[in-house]
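*Asks:* The structure file structure03.cif (mmCIF, C-alpha atoms and all ligand atoms) is provided below.
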data_work
#
loop_
_atom_site.label_atom_id
_atom_site.label_comp_id
_atom_site.auth_asym_id
_atom_site.auth_seq_id
_atom_site.Cartn_x
_atom_site.Cartn_y
_atom_site.Cartn_z
CA MET A 1377 115.00 79.85 66.38
CA SER A 1378 117.14 80.33 69.43
CA SER A 1379 115.17 81.42 72.40
CA VAL A 1380 115.18 81.04 76.14
CA GLN A 1381 113.00 78.14 77.30
CA GLU A 1382 110.39 79.13 79.82
CA LYS A 1383 109.92 77.20 83.00
CA LYS A 1384 107.35 77.92 85.65
CA ARG A 1385 108.52 80.81 87.78
CA SER A 1386 108.86 80.21 91.47
CA SER A 1387 106.91 82.40 93.84
CA LEU A 1388 110.22 83.91 94.90
CA GLU A 1389 111.16 84.93 91.34
CA LEU A 1390 107.75 86.52 90.85
CA TYR A 1391 108.11 88.39 94.13
CA HIS A 1392 111.47 89.79 93.02
CA LEU A 1393 109.94 90.77 89.71
CA LYS A 1394 107.09 92.58 91.47
CA ASN A 1395 109.59 94.46 93.60
CA THR A 1396 111.63 95.44 90.57
CA LEU A 1397 108.46 96.79 88.96
CA LYS A 1398 107.54 98.78 92.05
CA ALA A 1399 110.98 100.33 92.09
CA LEU A 1400 110.85 101.12 88.34
CA GLU A 1401 107.42 102.72 88.69
CA LYS A 1402 108.79 105.25 91.17
CA LYS A 1403 111.44 106.47 88.73
CA HIS A 1404 111.22 109.33 86.26
CA SER A 1405 113.52 111.23 83.96
CA PRO A 1406 115.28 114.41 85.06
CA ASN A 1407 113.03 117.42 84.29
CA MET A 1408 110.32 114.97 83.22
CA SER A 1409 111.69 114.93 79.68
CA THR A 1410 110.39 112.18 77.39
CA SER A 1411 113.60 110.19 77.48
CA LEU A 1412 112.90 106.93 79.34
CA ILE A 1413 112.62 104.02 76.93
CA SER A 1414 110.21 101.11 77.38
CA LEU A 1415 110.60 98.35 74.83
CA TYR A 1416 108.21 95.38 74.62
CA ILE A 1417 109.41 92.58 72.36
CA PRO A 1418 106.96 89.73 71.70
CA PRO A 1419 108.15 86.13 71.32
CA GLY A 1420 109.25 85.23 67.82
CA THR A 1421 110.67 88.66 67.04
CA GLN A 1422 114.32 88.69 65.99
CA LEU A 1423 116.44 90.94 68.16
CA SER A 1424 118.30 92.03 65.00
CA GLU A 1425 115.02 93.54 63.86
CA ILE A 1426 114.79 95.42 67.18
CA ALA A 1427 118.37 96.64 66.76
CA SER A 1428 117.59 98.20 63.38
CA LEU A 1429 114.44 99.80 64.82
CA LEU A 1430 116.62 101.31 67.56
CA ARG A 1431 119.17 102.62 65.05
CA ASN A 1432 116.29 104.37 63.24
CA GLU A 1433 115.06 105.87 66.51
CA TYR A 1434 118.59 107.03 67.22
CA GLY A 1435 118.52 109.01 64.00
CA THR A 1436 115.16 110.50 64.93
CA ALA A 1437 116.41 111.43 68.40
CA SER A 1438 119.30 113.40 66.94
CA ASN A 1439 116.70 115.77 65.47
CA ILE A 1440 114.87 116.42 68.75
CA LYS A 1441 114.73 120.18 69.32
CA ASP A 1442 115.58 120.03 73.01
CA LYS A 1443 119.22 118.98 72.77
CA LYS A 1444 119.36 117.66 76.32
CA THR A 1445 116.37 115.39 75.79
CA GLY A 1446 117.75 114.24 72.44
CA LYS A 1447 121.08 113.38 74.05
CA ALA A 1448 119.34 111.48 76.87
CA VAL A 1449 117.33 109.42 74.37
CA MET A 1450 120.44 108.67 72.32
CA ASP A 1451 122.34 107.60 75.46
CA ALA A 1452 119.48 105.28 76.39
CA ILE A 1453 119.35 103.77 72.88
CA SER A 1454 123.13 103.30 72.84
CA SER A 1455 123.00 101.45 76.15
CA ILE A 1456 120.38 99.06 74.77
CA LEU A 1457 122.25 98.52 71.49
CA ALA A 1458 125.45 97.77 73.41
CA ARG A 1459 123.78 95.15 75.60
CA LEU A 1460 121.28 93.60 73.19
CA PRO A 1461 123.80 91.04 71.81
CA ASN A 1462 124.04 89.54 75.33
CA TYR A 1463 120.33 88.68 75.32
CA LYS A 1464 118.10 86.21 73.53
CA ASN A 1465 114.42 86.58 72.96
CA SER A 1466 112.47 84.11 75.09
CA ASP A 1467 109.35 82.00 74.60
CA ASN A 1468 107.58 84.80 76.44
CA GLY A 1469 109.41 87.66 74.75
CA LEU A 1470 111.62 90.28 76.35
CA VAL A 1471 111.01 93.64 78.01
CA ILE A 1472 113.65 96.35 78.27
CA PHE A 1473 113.68 99.59 80.23
CA ALA A 1474 116.52 102.07 79.79
CA GLY A 1475 117.23 105.72 80.35
CA ILE A 1476 118.72 108.37 82.57
CA THR A 1477 116.68 108.50 85.78
CA ALA A 1478 116.48 111.43 88.16
CA ASP A 1479 117.47 109.37 91.19
CA LYS A 1480 120.57 107.73 89.66
CA ASN A 1481 121.40 110.57 87.25
CA LYS A 1482 122.96 108.08 84.85
CA VAL A 1483 121.73 105.52 82.38
CA GLU A 1484 119.92 102.58 83.95
CA PHE A 1485 119.30 99.39 82.00
CA HIS A 1486 116.83 96.65 82.96
CA ALA A 1487 116.05 93.58 80.84
CA ILE A 1488 113.20 91.40 82.06
CA TYR A 1489 112.06 87.99 80.87
CA PRO A 1490 108.31 88.22 81.52
CA PRO A 1491 106.35 85.44 83.23
CA GLU A 1492 103.80 85.32 80.39
CA LYS A 1493 103.85 85.99 76.66
CA VAL A 1494 104.28 89.66 75.71
CA GLY A 1495 101.25 90.56 73.60
CA ILE A 1496 102.39 93.92 72.20
CA LYS A 1497 105.36 95.25 70.28
CA THR A 1498 106.09 98.79 71.39
CA TYR A 1499 108.87 101.30 71.66
CA ARG A 1500 108.03 104.23 73.90
CA CYS A 1501 109.87 107.31 75.10
CA GLU A 1502 108.22 108.87 78.12
CA PRO A 1503 109.02 110.62 81.40
CA TYR A 1504 108.22 107.30 83.15
CA PHE A 1505 108.91 103.65 82.41
CA ASP A 1506 105.78 102.09 80.94
CA THR A 1507 105.23 98.99 83.08
CA LYS A 1508 101.50 98.59 82.41
CA HIS A 1509 101.66 95.56 80.12
CA LEU A 1510 104.17 93.82 82.37
CA ARG A 1511 101.80 94.39 85.31
CA GLU A 1512 99.02 92.76 83.32
CA LEU A 1513 101.26 89.77 82.63
CA LEU A 1514 101.99 89.42 86.34
CA ASP A 1515 98.27 89.50 87.15
CA VAL A 1516 97.65 86.63 84.74
CA LYS A 1517 99.37 84.35 87.23
CA ASP A 1518 96.39 84.24 89.54
CA GLN A 1519 93.61 83.80 87.01
CA TYR A 1520 92.30 80.47 85.69
CA GLY A 1521 89.48 79.57 83.34
CA VAL A 1522 86.94 76.77 83.60
CA ILE A 1523 84.84 75.63 80.65
CA ALA A 1524 81.90 73.23 80.97
CA ILE A 1525 80.67 72.28 77.52
CA ALA A 1526 78.03 69.90 76.21
CA ARG A 1527 75.80 69.77 73.15
CA GLY A 1528 73.05 71.33 75.23
CA GLY A 1529 74.96 74.37 76.46
CA ALA A 1530 78.15 75.91 77.73
CA THR A 1531 79.32 77.65 80.89
CA PHE A 1532 82.52 79.68 81.24
CA ALA A 1533 83.94 80.64 84.63
CA VAL A 1534 87.01 82.45 85.93
CA ILE A 1535 88.82 81.64 89.16
CA ARG A 1536 90.64 84.61 90.56
CA GLY A 1537 92.19 84.47 94.00
CA SER A 1538 89.66 82.56 96.01
CA SER A 1539 86.63 83.67 94.05
CA LEU A 1540 84.77 81.96 91.24
CA LYS A 1541 82.87 84.01 88.72
CA ILE A 1542 80.50 82.69 86.05
CA VAL A 1543 81.13 84.90 83.01
CA MET A 1544 78.87 83.12 80.55
CA ASP A 1545 76.13 80.50 80.76
CA THR A 1546 74.19 79.67 77.62
CA ASP A 1547 71.88 77.08 76.10
CA SER A 1548 72.64 75.72 72.64
CA PHE A 1549 69.09 74.92 71.51
CA VAL A 1550 70.65 72.09 69.54
CA PRO A 1551 68.03 69.31 69.51
CA SER A 1552 68.87 66.00 71.11
CA LYS A 1553 70.02 63.22 68.79
CA HIS A 1554 67.78 60.64 70.33
CA GLY A 1555 64.11 59.81 70.13
CA ARG A 1556 63.70 60.09 66.40
CA GLY A 1557 63.19 57.46 63.81
CA GLY A 1558 61.83 56.78 60.38
CA GLN A 1559 63.18 57.48 56.95
CA SER A 1560 64.28 61.01 57.60
CA GLN A 1561 66.48 60.02 60.57
CA GLY A 1562 69.77 60.28 58.67
CA ARG A 1563 68.94 63.67 57.21
CA ILE A 1564 67.79 65.02 60.59
CA GLU A 1565 70.91 63.76 62.30
CA ARG A 1566 73.13 65.44 59.74
CA GLY A 1567 71.16 68.63 60.31
CA ILE A 1568 71.64 68.33 64.06
CA GLU A 1569 75.36 67.70 63.53
CA ILE A 1570 75.65 70.93 61.57
CA LEU A 1571 73.82 72.84 64.30
CA ALA A 1572 76.08 71.32 66.97
CA GLU A 1573 79.21 72.20 64.99
CA GLU A 1574 77.95 75.77 64.60
CA PHE A 1575 77.34 75.96 68.34
CA PHE A 1576 80.88 74.76 69.10
CA SER A 1577 82.32 77.26 66.62
CA LYS A 1578 80.42 80.06 68.30
CA MET A 1579 81.52 78.88 71.76
CA ALA A 1580 85.14 78.62 70.61
CA GLU A 1581 85.03 82.26 69.54
CA GLN A 1582 83.47 83.22 72.87
CA ALA A 1583 86.17 81.29 74.74
CA ASN A 1584 88.90 83.10 72.76
CA LYS A 1585 87.38 86.46 73.60
CA ILE A 1586 86.80 85.70 77.27
CA PHE A 1587 90.02 83.89 78.20
CA LEU A 1588 92.50 85.70 75.94
CA GLU A 1589 91.12 89.24 76.09
CA GLU A 1590 88.56 89.94 78.80
CA TYR A 1591 90.00 87.71 81.51
CA PRO A 1592 93.49 86.67 80.37
CA VAL A 1593 94.13 83.44 82.23
CA LYS A 1594 97.11 81.36 83.21
CA PHE A 1595 95.40 78.19 82.03
CA VAL A 1596 92.03 76.64 81.38
CA ILE A 1597 90.46 73.39 82.50
CA VAL A 1598 87.68 71.89 80.42
CA GLY A 1599 84.94 69.41 81.23
CA GLY A 1600 82.07 67.83 79.34
CA PRO A 1601 80.62 64.55 78.13
CA ALA A 1602 83.23 62.38 76.41
CA MET A 1603 82.71 63.07 72.69
CA THR A 1604 81.32 66.56 73.07
CA LYS A 1605 84.28 68.20 74.69
CA ASP A 1606 86.64 66.65 72.14
CA GLN A 1607 84.51 68.02 69.35
CA PHE A 1608 84.74 71.43 70.98
CA LEU A 1609 88.50 71.19 71.58
CA GLN A 1610 89.09 70.24 67.94
CA ASN A 1611 87.01 73.13 66.62
CA LYS A 1612 89.04 75.14 64.14
CA ASN A 1613 87.84 78.43 65.61
CA LEU A 1614 89.55 77.74 68.92
CA ASP A 1615 92.62 80.00 69.01
CA TYR A 1616 95.92 78.10 69.21
CA ARG A 1617 97.00 80.38 72.08
CA LEU A 1618 93.99 79.20 74.07
CA LYS A 1619 94.66 75.57 73.06
CA GLU A 1620 98.14 75.95 74.52
CA LYS A 1621 96.58 77.05 77.80
CA ILE A 1622 94.39 73.97 78.23
CA TYR A 1623 95.77 72.28 81.30
CA LYS A 1624 93.43 69.34 81.92
CA VAL A 1625 90.27 67.89 80.45
CA TYR A 1626 87.65 66.01 82.51
CA ASP A 1627 84.63 63.86 81.84
CA VAL A 1628 81.61 65.50 83.42
CA GLY A 1629 77.91 65.22 82.73
CA TYR A 1630 76.63 68.74 83.20
CA THR A 1631 77.06 72.35 82.24
CA GLY A 1632 75.92 75.31 84.33
CA ILE A 1633 77.18 75.94 87.83
CA ALA A 1634 76.71 72.22 88.60
CA GLY A 1635 79.08 71.37 85.76
CA ILE A 1636 81.69 73.88 86.92
CA ARG A 1637 81.48 72.45 90.47
CA GLU A 1638 81.85 68.91 89.15
CA ILE A 1639 84.95 69.91 87.16
CA LEU A 1640 86.53 71.61 90.18
CA GLU A 1641 85.82 68.58 92.34
CA LYS A 1642 87.48 66.27 89.80
CA ALA A 1643 90.38 68.66 89.35
CA LYS A 1644 91.13 68.96 93.07
CA ASN A 1645 94.27 66.84 93.07
CA ASP A 1646 95.60 68.22 89.79
CA LEU A 1647 95.22 71.76 91.06
CA VAL A 1648 97.70 71.21 93.90
CA GLU A 1649 100.25 72.82 91.59
CA ILE A 1650 98.16 75.97 91.35
CA ASP A 1651 99.83 78.62 93.47
CA LEU A 1652 96.61 79.39 95.27
CA VAL A 1653 96.07 75.81 96.39
CA LYS A 1654 99.74 75.25 97.19
CA GLU A 1655 99.95 78.42 99.29
CA ARG A 1656 96.78 77.62 101.19
CA ASN A 1657 97.98 74.10 101.93
CA LEU A 1658 101.25 75.46 103.32
CA VAL A 1659 99.58 77.98 105.63
CA GLU A 1660 97.08 75.34 106.75
CA LYS A 1661 99.91 72.93 107.52
CA PHE A 1662 101.68 75.64 109.52
CA LYS A 1663 98.53 76.43 111.52
CA LYS A 1664 97.85 72.77 112.20
CA GLU A 1665 101.34 72.17 113.62
CA LEU A 1666 101.06 75.35 115.66
CA ALA A 1667 97.70 74.25 117.07
CA VAL A 1668 98.98 70.88 118.27
CA GLY A 1669 102.12 72.46 119.75
CA SER A 1670 104.52 70.13 117.92
CA ASN A 1671 107.32 72.72 117.91
CA LYS A 1672 107.78 71.87 114.24
CA VAL A 1673 106.88 75.38 113.15
CA THR A 1674 107.84 78.86 114.20
CA TYR A 1675 107.11 82.44 113.14
CA GLY A 1676 108.40 85.98 113.47
CA GLU A 1677 111.55 87.45 111.93
CA GLU A 1678 113.84 86.69 114.87
CA ALA A 1679 112.72 83.10 115.41
CA VAL A 1680 112.83 82.26 111.71
CA ARG A 1681 116.31 83.76 111.34
CA LYS A 1682 117.50 81.74 114.33
CA ALA A 1683 115.99 78.52 112.98
CA LEU A 1684 117.62 79.18 109.59
CA GLU A 1685 120.99 79.71 111.24
CA MET A 1686 120.55 76.35 112.98
CA ALA A 1687 119.80 74.73 109.58
CA ALA A 1688 116.48 73.58 111.03
CA VAL A 1689 114.16 75.03 108.38
CA ASP A 1690 112.44 73.01 105.68
CA THR A 1691 110.29 75.78 104.18
CA VAL A 1692 110.05 79.51 104.88
CA LEU A 1693 106.63 81.06 104.31
CA PHE A 1694 107.25 84.67 103.38
CA SER A 1695 104.31 87.02 102.87
CA GLU A 1696 104.46 89.24 99.79
CA GLY A 1697 102.96 91.89 102.05
CA ILE A 1698 106.28 92.32 103.87
CA GLU A 1699 108.28 95.17 102.46
CA LYS A 1700 111.26 95.48 104.72
CA THR A 1701 114.73 96.62 103.90
CA HIS A 1702 117.56 96.64 106.42
CA LEU A 1703 119.92 99.57 106.54
CA TYR A 1704 123.30 98.69 108.02
CA ILE A 1705 124.43 101.85 109.81
CA HIS A 1706 127.97 102.60 110.92
CA CYS A 1707 129.12 105.38 113.26
CA LYS A 1708 132.40 106.88 112.12
CA ASN A 1709 132.95 108.40 115.58
CA CYS A 1710 132.82 105.30 117.76
CA ASP A 1711 132.74 102.50 115.16
CA HIS A 1712 129.35 101.30 116.46
CA ARG A 1713 127.27 99.27 113.99
CA PHE A 1714 123.50 98.73 114.04
CA ILE A 1715 120.53 97.96 111.79
CA GLU A 1716 117.60 100.19 110.92
CA VAL A 1717 114.46 98.89 109.21
CA LYS A 1718 112.70 100.77 106.44
CA GLU A 1719 109.85 100.07 104.03
CA HIS A 1720 110.90 99.08 100.51
CA HIS A 1721 111.21 101.81 97.95
CA GLU A 1722 110.51 104.62 100.40
CA PRO A 1723 113.34 106.88 101.42
CA SER A 1724 113.62 106.44 105.16
CA VAL A 1725 114.15 109.03 107.84
CA TYR A 1726 117.66 107.69 108.02
CA GLU A 1727 118.54 108.35 104.42
CA LEU A 1728 117.05 111.84 104.46
CA GLN A 1729 118.20 113.04 107.86
CA ILE A 1730 121.19 110.89 108.60
CA ASP A 1731 123.39 113.89 109.35
CA ASN A 1732 121.02 115.05 112.09
CA ILE A 1733 120.59 111.70 113.80
CA ALA A 1734 122.57 110.96 116.94
CA CYS A 1735 124.49 107.70 117.27
CA PRO A 1736 122.69 105.55 119.87
CA LYS A 1737 126.06 104.66 121.45
CA CYS A 1738 128.25 107.80 121.53
CA GLY A 1739 125.45 110.31 121.07
CA GLU A 1740 127.31 112.29 118.39
CA THR A 1741 125.55 113.56 115.27
CA GLY A 1742 127.10 113.73 111.82
CA GLY A 1743 129.03 110.50 112.11
CA LEU A 1744 126.47 108.00 110.79
CA GLU A 1745 126.74 106.40 107.36
CA ILE A 1746 124.76 103.69 105.55
CA GLU A 1747 127.20 100.90 104.81
CA LYS A 1748 124.84 98.48 103.14
CA GLU A 1749 121.19 98.08 102.25
CA GLU A 1750 119.60 94.65 102.12
CA GLU A 1751 116.01 93.64 101.60
CA LEU A 1752 114.74 91.24 104.25
CA ILE A 1753 113.84 88.70 101.55
CA ASP A 1754 117.43 88.78 100.26
CA GLU A 1755 118.81 88.09 103.71
CA ILE A 1756 116.33 85.24 104.24
CA GLU A 1757 117.17 83.90 100.78
CA ARG A 1758 120.89 83.97 101.58
CA LEU A 1759 120.36 82.11 104.86
CA ALA A 1760 118.00 79.63 103.19
CA ASN A 1761 120.44 78.89 100.37
CA GLU A 1762 123.21 78.16 102.84
CA THR A 1763 121.15 75.41 104.47
CA GLY A 1764 119.05 74.12 101.60
CA ALA A 1765 115.77 75.53 102.95
CA LYS A 1766 112.97 76.31 100.48
CA ILE A 1767 111.20 79.67 100.32
CA GLU A 1768 107.59 80.10 99.29
CA VAL A 1769 106.31 83.62 98.85
CA ILE A 1770 102.67 83.67 99.94
CA SER A 1771 100.33 86.16 98.27
CA THR A 1772 97.90 88.29 100.24
CA ASP A 1773 95.09 87.70 97.75
CA HIS A 1774 93.51 84.96 99.82
CA GLU A 1775 92.40 84.57 103.43
CA ASN A 1776 95.26 82.28 104.41
CA GLY A 1777 97.75 84.76 103.01
CA MET A 1778 96.22 87.63 104.97
CA GLU A 1779 96.29 85.47 108.09
CA LEU A 1780 100.00 84.84 107.66
CA LEU A 1781 100.62 88.57 107.34
CA LYS A 1782 98.29 89.84 110.07
CA ALA A 1783 98.37 87.11 112.69
CA PHE A 1784 101.86 85.70 112.17
CA THR A 1785 103.91 88.79 111.20
CA GLY A 1786 104.22 87.64 107.59
CA ILE A 1787 107.12 85.30 108.12
CA ALA A 1788 106.91 81.71 109.33
CA ALA A 1789 108.82 78.47 108.95
CA ILE A 1790 108.03 74.79 108.76
CA LEU A 1791 110.92 73.03 110.49
CA ARG A 1792 112.81 69.83 109.76
CA TYR A 1793 112.65 68.75 113.37
CA PRO A 1794 111.02 70.04 116.57
CA LEU A 1795 112.77 73.02 118.04
CA ASP A 1796 111.97 75.03 121.14
CA LEU A 1797 112.60 78.61 120.07
ZN ZN R 1 128.84 106.51 117.67
#
Could you spell out this file's structure in structure tokens?

*Replies:*
Amino acid sequence: MSSVQEKKRSSLELYHLKNTLKALEKKHSPNMSTSLISLYIPPGTQLSEIASLLRNEYGTASNIKDKKTGKAVMDAISSILARLPNYKNSDNGLVIFAGITADKNKVEFHAIYPPEKVGIKTYRCEPYFDTKHLRELLDVKDQYGVIAIARGGATFAVIRGSSLKIVMDTDSFVPSKHGRGGQSQGRIERGIEILAEEFFSKMAEQANKIFLEEYPVKFVIVGGPAMTKDQFLQNKNLDYRLKEKIYKVYDVGYTGIAGIREILEKAKNDLVEIDLVKERNLVEKFKKELAVGSNKVTYGEEAVRKALEMAAVDTVLFSEGIEKTHLYIHCKNCDHRFIEVKEHHEPSVYELQIDNIACPKCGETGGLEIEKEEELIDEIERLANETGAKIEVISTDHENGMELLKAFTGIAAILRYPLDL
């Protein structure tokens, strides 16, 4: 089967995806007619199958009583059918939004390769784009499962942001194998084996429910005594989707909160790749350099831009809490050019009242026009690409992330060499 291979998304890609979603969620159809299409295609589904579904829906749409709505739905379907051959389904599936929106007043088409596997197959026609499932898939990014399992019991925990929550802690009541003897030993041990296997089966089902449904996680780490955890991991009741999410397995002696702690301690170095740990390490490194006054870090939009222009930046730390777009304004009267800042996705005073705003140079009204709009992240990305600097988008879900946003304006840089800015 031809499909797009999934690699781990960078924090920057996820940030762009979040912004796209925010923008899509603000859109609606003209007159709130049910004409915006949301199409969720799970992995493994042939796009030819989707095309024939769409051709059916096209037929249905031609019978819609409100002719205008019917036409809008048909236009949306046509735009998808025309573009579908350019796409492949991916290991995570494909999500498509299309339709005539009130703000553009023409057909918009958005195809998104989701960061996690699409779990539903739906075709919807509504006044809004249905982004709910995609939102859920984005949230999965920050959630991890921990399983401590032994013959004596099991403990399941979820890490979300910087918090750890025990979601299940249970005893098995499977008797210990040791301390018996005599003629019946073999029979008793077989009985105990059956009880243990039943316990693992039950725990496997619990794990499926917890980590696939109740707390869908990015991945799971597992710990337990040597043989025990293997027996659990090989249990036939363990869902293959959960098996695919098992990231690392550790030898630990306990279950309960002590077991979970022991697993996390052992996993410390392997978890460096977890966004949470990586982000925290970056902010900590920035703060440390700042504290010793090494001049190897800087922060604030102006300083970071300047450092980027000097090709002095190793890594930009960009807070996902920043939502700035630059409007490049031109005065047709005096040819003056300047930049106005607005929040993402919100129409600014400039866009709404531009004809009533006086040019700061010649003082005339009616001459201002928006020449270009650029999100701050796109400008930073452009500058970073020109000089080979990396960008890490830092979430605001943890303390370090909030610190970056509140105390350091949300944008900072770790430099290649000391610079007095
Ligand atoms: Zn002017």

*Asks:* May I ask you to write as a count of residues only all residues lying at most 7 Å from ligand ZN 1 (chain R), with all atoms listed in the file counted?

*Replies:* 13

*Asks:* Contacts of stretch 1385-1395 of chain A at 8 Å or less, counting all atoms listed in the file, minus same-chain residues fewer than 4 places along, as an mmCIF file with C-alpha atoms, keeping the file's coordinate frame?

*Replies:*
data_model
loop_
_atom_site.group_PDB
_atom_site.id
_atom_site.type_symbol
_atom_site.label_atom_id
_atom_site.label_comp_id
_atom_site.auth_asym_id
_atom_site.auth_seq_id
_atom_site.Cartn_x
_atom_site.Cartn_y
_atom_site.Cartn_z
ATOM 1 C CA ALA A 1399 110.980 100.330 92.090
ATOM 2 C CA PRO A 1491 106.350 85.440 83.230
ATOM 3 C CA LEU A 1514 101.990 89.420 86.340
ATOM 4 C CA GLU A 1696 104.460 89.240 99.790
ATOM 5 C CA ILE A 1767 111.200 79.670 100.320
ATOM 6 C CA GLU A 1768 107.590 80.100 99.290
ATOM 7 C CA VAL A 1769 106.310 83.620 98.850
ATOM 8 C CA ILE A 1770 102.670 83.670 99.940
#

*Asks:* Please determine, counting all atoms listed in the file, which residue among A:Ser1560, A:Thr1507, A:Ser1577, A:Gln1610 has the shortest atom-to-atom distance to A:Thr1396.

*Replies:*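 Checking each of A:Ser1560, A:Thr1507, A:Ser1577, A:Gln1610 against A:Thr1396, counting all atoms listed in the file, the winner is A:Thr1507.
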
*Asks:* Compare A:Asn1468, A:Thr1498, A:Thr1410, A:Ser1428 by their minimum atom-to-atom distance to A:Leu1513, counting only C-alpha atoms, and give me the closest one.

*Replies:* A:Asn1468

*Asks:* For each of A:Ala1448, A:Ile1440, A:Leu1540, A:Leu1510, take the minimum atom-to-atom distance to A:Leu1470, counting all atoms listed in the file, then give the residue where this is smallest.

*Replies:*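 For A:Leu1470, the nearest of the given residues is A:Leu1510.
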
*Asks:* Can you pull out every residue within 7 Å of A:Ala1533, counting all atoms listed in the file, but drop anything in the same chain fewer than 6 positions away, and send it as a list in words?

*Replies:*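 Surrounding residues, per the criterion: Gly1521, Val1522, Ile1523, Leu1540, Lys1541, Ile1542, Val1543 and Met1544 of chain A.
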
*Asks:* Mind pulling up the distance from atom CA of A:Gln1519 to atom CA of A:Arg1536?

*Replies:*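 Atom-to-atom, atom CA of A:Arg1536 to atom CA of A:Gln1519, that is 4.7 Å.
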
*Asks:* Using all atoms listed in the file, can you tell me which of A:Pro1419, A:Gly1599, A:Gly1764, A:Gly1676 comes closest to A:Glu1641?

*Replies:*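 So, comparing all the options, the nearest one is A:Gly1599.
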
*Asks:* Work out where the centre of an axis-aligned box around every listed atom of stretch 1475-1483 of chain A lies and how long its edges are once 3 Å is added on each side; give both in Å to one decimal as AutoDock Vina command-line options.

*Replies:*
--center_x 119.7 --center_y 108.5 --center_z 85.8 --size_x 12.5 --size_y 11.9 --size_z 16.8

*Asks:* Applying 7 Å and only C-alpha atoms, which residues near A:His1486 remain after dropping the ones on its own chain fewer than 4 positions away? List them as a list in words.

*Replies:*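 The neighbour list is Ile1472, Phe1473 and Ala1474 of chain A.
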
*Asks:* Give me, please, the distance in Å between atom CA of A:Ile1417 and atom CA of A:Ile1586, quoted to one decimal.

*Replies:*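 Those two atoms sit 24.1 Å apart.
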
*Asks:* Would you work out the distance separating atom CA of A:Glu1716 from atom CA of A:Gly1742, expressed in Å to one decimal?

*Replies:*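 Result for atom CA of A:Glu1716 versus atom CA of A:Gly1742: 16.6 Å, one decimal.
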
*Asks:* Taking only C-alpha atoms into account, which of A:Ala1487, A:Leu1415, A:Ile1570, A:Ile1705 comes nearest A:Lys1508?

*Replies:*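 Selected residue with least distance to A:Lys1508: A:Leu1415.
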
*Asks:* Using only C-alpha atoms, pick whichever of A:Ile1525, A:Ile1715, A:Ala1760, A:Ala1783 has the shortest atom-to-atom distance to A:Pro1601.

*Replies:*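 Ranked by minimum distance to A:Pro1601, first place goes to A:Ile1525.
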
*Asks:* Find the residues near A:Val1483: any atom within 9 Å, counting only C-alpha atoms, skip ones fewer than 3 places away on the same chain, and give them as a ChimeraX atom specification.

*Replies:* /A:1448,1451-1452,1455,1474-1477,1480

*Asks:* List as a list in words the residues having at least one atom at most 9 Å from position (109.3, 112.4, 74.7) as given in the file, counting only C-alpha atoms.

*Replies:*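 Checking each residue against the 9 Å limit leaves Met1408, Ser1409, Thr1410, Ser1411, Leu1412, Thr1445, Gly1446, Val1449, Arg1500, Cys1501, Glu1502 and Pro1503 of chain A.
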
*Asks:* Within 12 Å of A:Glu1425, counting all atoms listed in the file, which residues qualify if same-chain residues fewer than 6 places away don't, as a list of chain:residue names?

*Replies:*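 Close residues of A:Glu1425: A:Ile1417, A:Pro1418, A:Arg1431, A:Asn1432, A:Leu1457, A:Leu1460, A:Asn1465, A:Lys1497.
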
*Asks:* So which residues fall inside 6 Å of (90.3, 69.0, 86.7) if we count all atoms listed in the file? Mind giving them as a ChimeraX atom specification?

*Replies:* /A:1624,1626,1639-1640,1642-1643
